[in-house]
Amino acid sequence: MKNSKDYNDSERFGDSTLEQVFILIKKGIELVDLNRFIEGINYYKNAIKLMKNIGGFENEVEKIEKLLDEVCNKQEQYLQKVEQESRVIEKVILTKEEQLAEFERKRKKEEAISAEAYNLLEKGSILVQFNRFDQALEKYMLAIEKFKEINWLTEIPKIHILIKELNEKKEVILRQREVKMKDEKLKREIVENERKFLMQRQDFQKMSAEMKKHKFDIFQQQKKKEEKLSSEAYDLLGEASKLEEQHRFDEALEKYQLAIENFKEINWVSEIPKINQLIKELNEKKEVILRQREAKMKEEKLRKDILEKGKEILLQRQVFQKISSDMKKVKFNAFQQQKMREEKISSEAYDLLGEASNLEEKNQFNEALEKYQHAIEKFKEINWLTEIPKINQLIKELKIKQKKYLEFFIKEKEEILQLKAQQEKSKEIELIKEEFLQKTFIDKEKKLKELKKE
């Protein structure tokens with residue numbers, strides 16, 4: 001009876017220990033499934049230790065040790081995967097933040113530099129109004145450099161137009177000054193010639209009066225004729241001079257020609273070269289006056305054009321600075337519509353970029369790519385070509401992220417398959433458990449039979 005009692009105590013101890021082994025193994029499987037490998041491995045080790053203490057389960061211990069090796073390998077793979085995914089996620093997050101920061105920095109820089117450029121254009125326009133062309137040209141060139149710095153190349157042709165108009169106005173002003181100087185010089189020469197002519201006429205008249213007193217009567221009649229014709233000739237010259245002052249050049253030329261005929265008739269040929277000189281000066285003056293009239297007409301036309309251009313420049317300056325809504329009412333309708341259109345389309349494009357970024361964060365890569373493509377079309381429509389390379393860079397990064405996401409998705413599928421395999425292993429462990437229990441039951445039966453025999 002004492003041996004039977006000891007056997008029953010031993011049997012109860014064995015059953016309790018085996019139950020603990022199975023609980024440890026089951027707990028280890030659950031922890032490994034939750035990726036809590038260290039705790040799971042400890043449970044496996046404790047189970048192996050208990051089974052070794054019981055004894056007689058070497059094959060089962062070997063199987064569990066194999067499972068433990070697989071768990072250790074799985075732990076190592078899992079740690080490598082987590083480390084790799086962490087590096088990828090950190091890199092993606094850091095790259096995205098850097099891009100946004102860089103984009104914001106560039107935007108603020110463009111706003112500051114464009115404001116400086118528009119300010120330079122305004123100063124240049126004011127300098128042109130005061131005919132300070134060289135200083136205005138310097139402001140325009142600085143504005144061009146500013147726009148080049150931020151790659152706003154669409155603004156540069158507009159400034160070239162302003163520079164061309166500046167040079168045209170400068171050339172007109174210089175021509176006006178030159179014509180004015182020539183006109184003043186010509187007037188001085190005409191006054192001097194008239195003075196000389198009057199002195200010559202007085203000399204001629206004085207000489208004629210003195211010769212009448214001393215010459216023979218035979219010459220008196222001739223001298224009277226000379227006096228009459230010369231007087232008529234000098235009167236004609238005086239009339240011609242007055243007509244010339246009145247800019248009646250053709251009538252003055254007729255008077256000069258009649259005076260030449262009178263001097264020829266009395267053989268005063270020495271006077272003819274002087275009159276020819278006056279005719280030459282008349283023609284030159286006529287040409288100058290005609291040029292002045294033509295220049296005046298051109299100047300008037302140019303002045304009107306300059307005023308129109310000045311209005312246009314002021315309107316453009318108002319657009320550049322985006323002053324108050326009241327000032328916008330005086331802008332050209334076409335320019336206003338263009339700017340409103342650019343603002344509308346660019347706003348739509350930036351909205352598309354925001355939507356694409358949200359879709360990308362949700363891993364909806366194809367939809368995000370479509371938004372980026374639509375945004376590119378919007379910027380092309382308003383000729384904002386400087387934005388397109390930035391979007392292309394975002395598309396490139398999206399494709400890289402999509403590729404990594406697909407790789408991660410494939411790995412996740414593989415893990416699911418591995419999990420299923422692990423479940424199969426759990427079933428195998430259950431079979432081992434059943435075999436173990438059956439063997440234990442058989443051993444119990446044998447021991448009971450032996451005890452009965454005793």
# chains A, B, ... in the order shown; residues from 1 in each chain; ligands from 1
$ residues_around --residues "Leu166 of chain A" --least-positions-apart "5" --cutoff "8 Å" --atoms "only C-alpha atoms" --output "number ranges by chain"
A: 128, 133, 137
$ residues_around --residues "His247 of chain A" --least-positions-apart "6" --cutoff "10 Å" --atoms "only C-alpha atoms" --output "compact mmCIF listing (two decimals) with N, CA and C atoms, in the first residue's frame"
# COMPACT_ATOMS: atom_id res chain seq x y z
N SER A 241 13.23 139.61 -97.68
CA SER A 241 13.65 139.35 -96.33
C SER A 241 12.45 139.23 -95.39
N LEU A 282 18.37 131.09 -97.92
CA LEU A 282 16.91 130.94 -97.87
C LEU A 282 16.53 129.46 -98.01
N LYS A 285 17.42 127.65 -94.92
CA LYS A 285 16.48 127.97 -93.87
C LYS A 285 15.14 127.29 -94.11
N LYS A 286 14.72 127.29 -95.40
CA LYS A 286 13.47 126.63 -95.76
C LYS A 286 13.53 125.15 -95.38
N ILE A 289 13.36 124.82 -91.64
CA ILE A 289 12.00 125.05 -91.15
C ILE A 289 11.12 123.84 -91.42
N LEU A 290 11.27 123.30 -92.65
CA LEU A 290 10.47 122.12 -93.00
C LEU A 290 10.83 120.95 -92.08
$ atom_distance --atom1 "atom CA of Leu406 of chain A" --atom2 "atom CA of Ile29 of chain A"
29.2 Å
$ residues_around --residues "segment 419-427 of chain A" --least-positions-apart "2" --cutoff "9 Å" --atoms "only C-alpha atoms" --output "list of chain:residue names"
A:Lys26, A:Ile29, A:Asp33, A:Leu67, A:Glu414, A:Glu415, A:Ile416, A:Leu417, A:Ile429, A:Glu430, A:Leu431, A:Ile432
$ residues_around --residues "Glu348 of chain A" --least-positions-apart "4" --cutoff "9 Å" --atoms "only C-alpha atoms" --output "list in words"
Glu343, Lys344, Leu352, Leu353, Ala375 and Lys378 of chain A
$ write_last_selection --atoms "N, CA and C atoms" --output "CSV table (one decimal), in the first residue's frame"
chain,number,residue,atom,x,y,z
A,343,GLU,N,-3.9,83.6,-61.5
A,343,GLU,CA,-4.2,83.4,-60.0
A,343,GLU,C,-5.1,82.2,-59.8
A,344,LYS,N,-6.2,82.2,-60.6
A,344,LYS,CA,-7.1,81.1,-60.5
A,344,LYS,C,-6.5,79.7,-60.8
A,352,LEU,N,-4.2,71.0,-56.2
A,352,LEU,CA,-3.9,69.7,-56.7
A,352,LEU,C,-2.7,69.1,-56.1
A,353,LEU,N,-1.7,70.0,-55.9
A,353,LEU,CA,-0.4,69.5,-55.2
A,353,LEU,C,-0.8,69.1,-53.7
A,375,ALA,N,-1.6,69.0,-62.1
A,375,ALA,CA,-1.0,70.3,-61.7
A,375,ALA,C,0.1,70.8,-62.7
A,378,LYS,N,-1.7,72.5,-65.5
A,378,LYS,CA,-2.2,73.8,-65.1
A,378,LYS,C,-1.1,74.8,-65.2
$ residues_around --residues "Phe147 of chain A" --least-positions-apart "3" --cutoff "12 Å" --atoms "only C-alpha atoms" --output "PyMOL selection string"
chain A and resi 109-118+120-121+140-144+150-159
$ write_last_selection --atoms "C-alpha atoms" --output "compact mmCIF listing (two decimals), in the first residue's frame"
# COMPACT_ATOMS: atom_id res chain seq x y z
CA LYS A 109 12.96 84.43 -51.31
CA GLU A 110 11.08 84.82 -54.60
CA GLU A 111 8.54 87.15 -52.98
CA ALA A 112 11.28 89.35 -51.51
CA ILE A 113 13.35 89.53 -54.70
CA SER A 114 10.31 90.10 -56.95
CA ALA A 115 9.22 92.96 -54.67
CA GLU A 116 12.69 94.52 -55.05
CA ALA A 117 12.47 94.11 -58.84
CA TYR A 118 9.05 95.77 -59.08
CA LEU A 120 13.25 99.11 -59.23
CA LEU A 121 10.83 99.23 -62.19
CA TYR A 140 15.78 98.46 -65.36
CA MET A 141 18.96 96.37 -65.73
CA LEU A 142 19.02 95.69 -61.97
CA ALA A 143 15.38 94.59 -62.19
CA ILE A 144 16.31 92.15 -64.98
CA ILE A 150 14.47 83.84 -59.24
CA ASN A 151 14.05 82.53 -62.81
CA TRP A 152 11.00 84.72 -63.57
CA LEU A 153 12.04 84.90 -67.23
CA THR A 154 8.55 85.86 -68.49
CA GLU A 155 8.96 89.36 -66.94
CA ILE A 156 12.23 90.16 -68.77
CA PRO A 157 10.73 90.79 -72.28
CA LYS A 158 8.38 93.37 -70.72
CA ILE A 159 11.39 95.23 -69.26
$ residues_around --residues "Glu171 of chain A" --least-positions-apart "4" --cutoff "12 Å" --atoms "only C-alpha atoms" --output "list in words"
Asn131, Phe133, Lys164, Glu165, Leu166, Asn167, Arg175, Gln176, Arg177, Glu178, Glu299 and Leu302 of chain A
$ write_last_selection --atoms "N, CA and C atoms" --output "PDB file, in the first residue's frame"
ATOM      1  N   ASN A 131      13.372 112.572 -67.507  1.00  0.00           N
ATOM      2  CA  ASN A 131      14.421 112.524 -68.549  1.00  0.00           C
ATOM      3  C   ASN A 131      15.793 112.124 -67.988  1.00  0.00           C
ATOM      4  N   PHE A 133      17.592 109.381 -68.136  1.00  0.00           N
ATOM      5  CA  PHE A 133      17.515 108.103 -68.845  1.00  0.00           C
ATOM      6  C   PHE A 133      18.574 107.109 -68.378  1.00  0.00           C
ATOM      7  N   LYS A 164      13.549  99.778 -74.586  1.00  0.00           N
ATOM      8  CA  LYS A 164      13.465 100.257 -75.965  1.00  0.00           C
ATOM      9  C   LYS A 164      12.745 101.606 -76.023  1.00  0.00           C
ATOM     10  N   GLU A 165      11.642 101.719 -75.304  1.00  0.00           N
ATOM     11  CA  GLU A 165      10.905 102.989 -75.277  1.00  0.00           C
ATOM     12  C   GLU A 165      11.751 104.087 -74.648  1.00  0.00           C
ATOM     13  N   LEU A 166      12.500 103.747 -73.616  1.00  0.00           N
ATOM     14  CA  LEU A 166      13.396 104.720 -72.977  1.00  0.00           C
ATOM     15  C   LEU A 166      14.421 105.259 -73.983  1.00  0.00           C
ATOM     16  N   ASN A 167      15.065 104.360 -74.733  1.00  0.00           N
ATOM     17  CA  ASN A 167      16.075 104.775 -75.717  1.00  0.00           C
ATOM     18  C   ASN A 167      15.466 105.644 -76.811  1.00  0.00           C
ATOM     19  N   ARG A 175      17.629 114.831 -80.247  1.00  0.00           N
ATOM     20  CA  ARG A 175      17.407 115.463 -81.561  1.00  0.00           C
ATOM     21  C   ARG A 175      16.759 116.844 -81.400  1.00  0.00           C
ATOM     22  N   GLN A 176      15.820 116.951 -80.486  1.00  0.00           N
ATOM     23  CA  GLN A 176      15.173 118.241 -80.244  1.00  0.00           C
ATOM     24  C   GLN A 176      16.195 119.296 -79.806  1.00  0.00           C
ATOM     25  N   ARG A 177      17.085 118.907 -78.916  1.00  0.00           N
ATOM     26  CA  ARG A 177      18.109 119.857 -78.461  1.00  0.00           C
ATOM     27  C   ARG A 177      19.028 120.269 -79.610  1.00  0.00           C
ATOM     28  N   GLU A 178      19.405 119.286 -80.450  1.00  0.00           N
ATOM     29  CA  GLU A 178      20.295 119.585 -81.571  1.00  0.00           C
ATOM     30  C   GLU A 178      19.629 120.536 -82.572  1.00  0.00           C
ATOM     31  N   GLU A 299       7.554 115.000 -83.100  1.00  0.00           N
ATOM     32  CA  GLU A 299       7.693 115.172 -81.659  1.00  0.00           C
ATOM     33  C   GLU A 299       6.331 115.126 -80.981  1.00  0.00           C
ATOM     34  N   LEU A 302       5.247 111.633 -81.077  1.00  0.00           N
ATOM     35  CA  LEU A 302       6.043 110.877 -80.126  1.00  0.00           C
ATOM     36  C   LEU A 302       5.626 111.203 -78.693  1.00  0.00           C
TER      37      LEU A 302
END
$ closest_residue --among "A:Gln292, A:Asn46, A:Gln84, A:Gln257" --to "Asp183 of chain A" --atoms "only C-alpha atoms"
A:Gln292
$ atom_distance --atom1 "atom CA of Trp384 of chain A" --atom2 "atom CA of Glu149 of chain A"
15.5 Å
$ atom_distance --atom1 "atom CA of Ile388 of chain A" --atom2 "atom CA of Lys362 of chain A"
23.5 Å
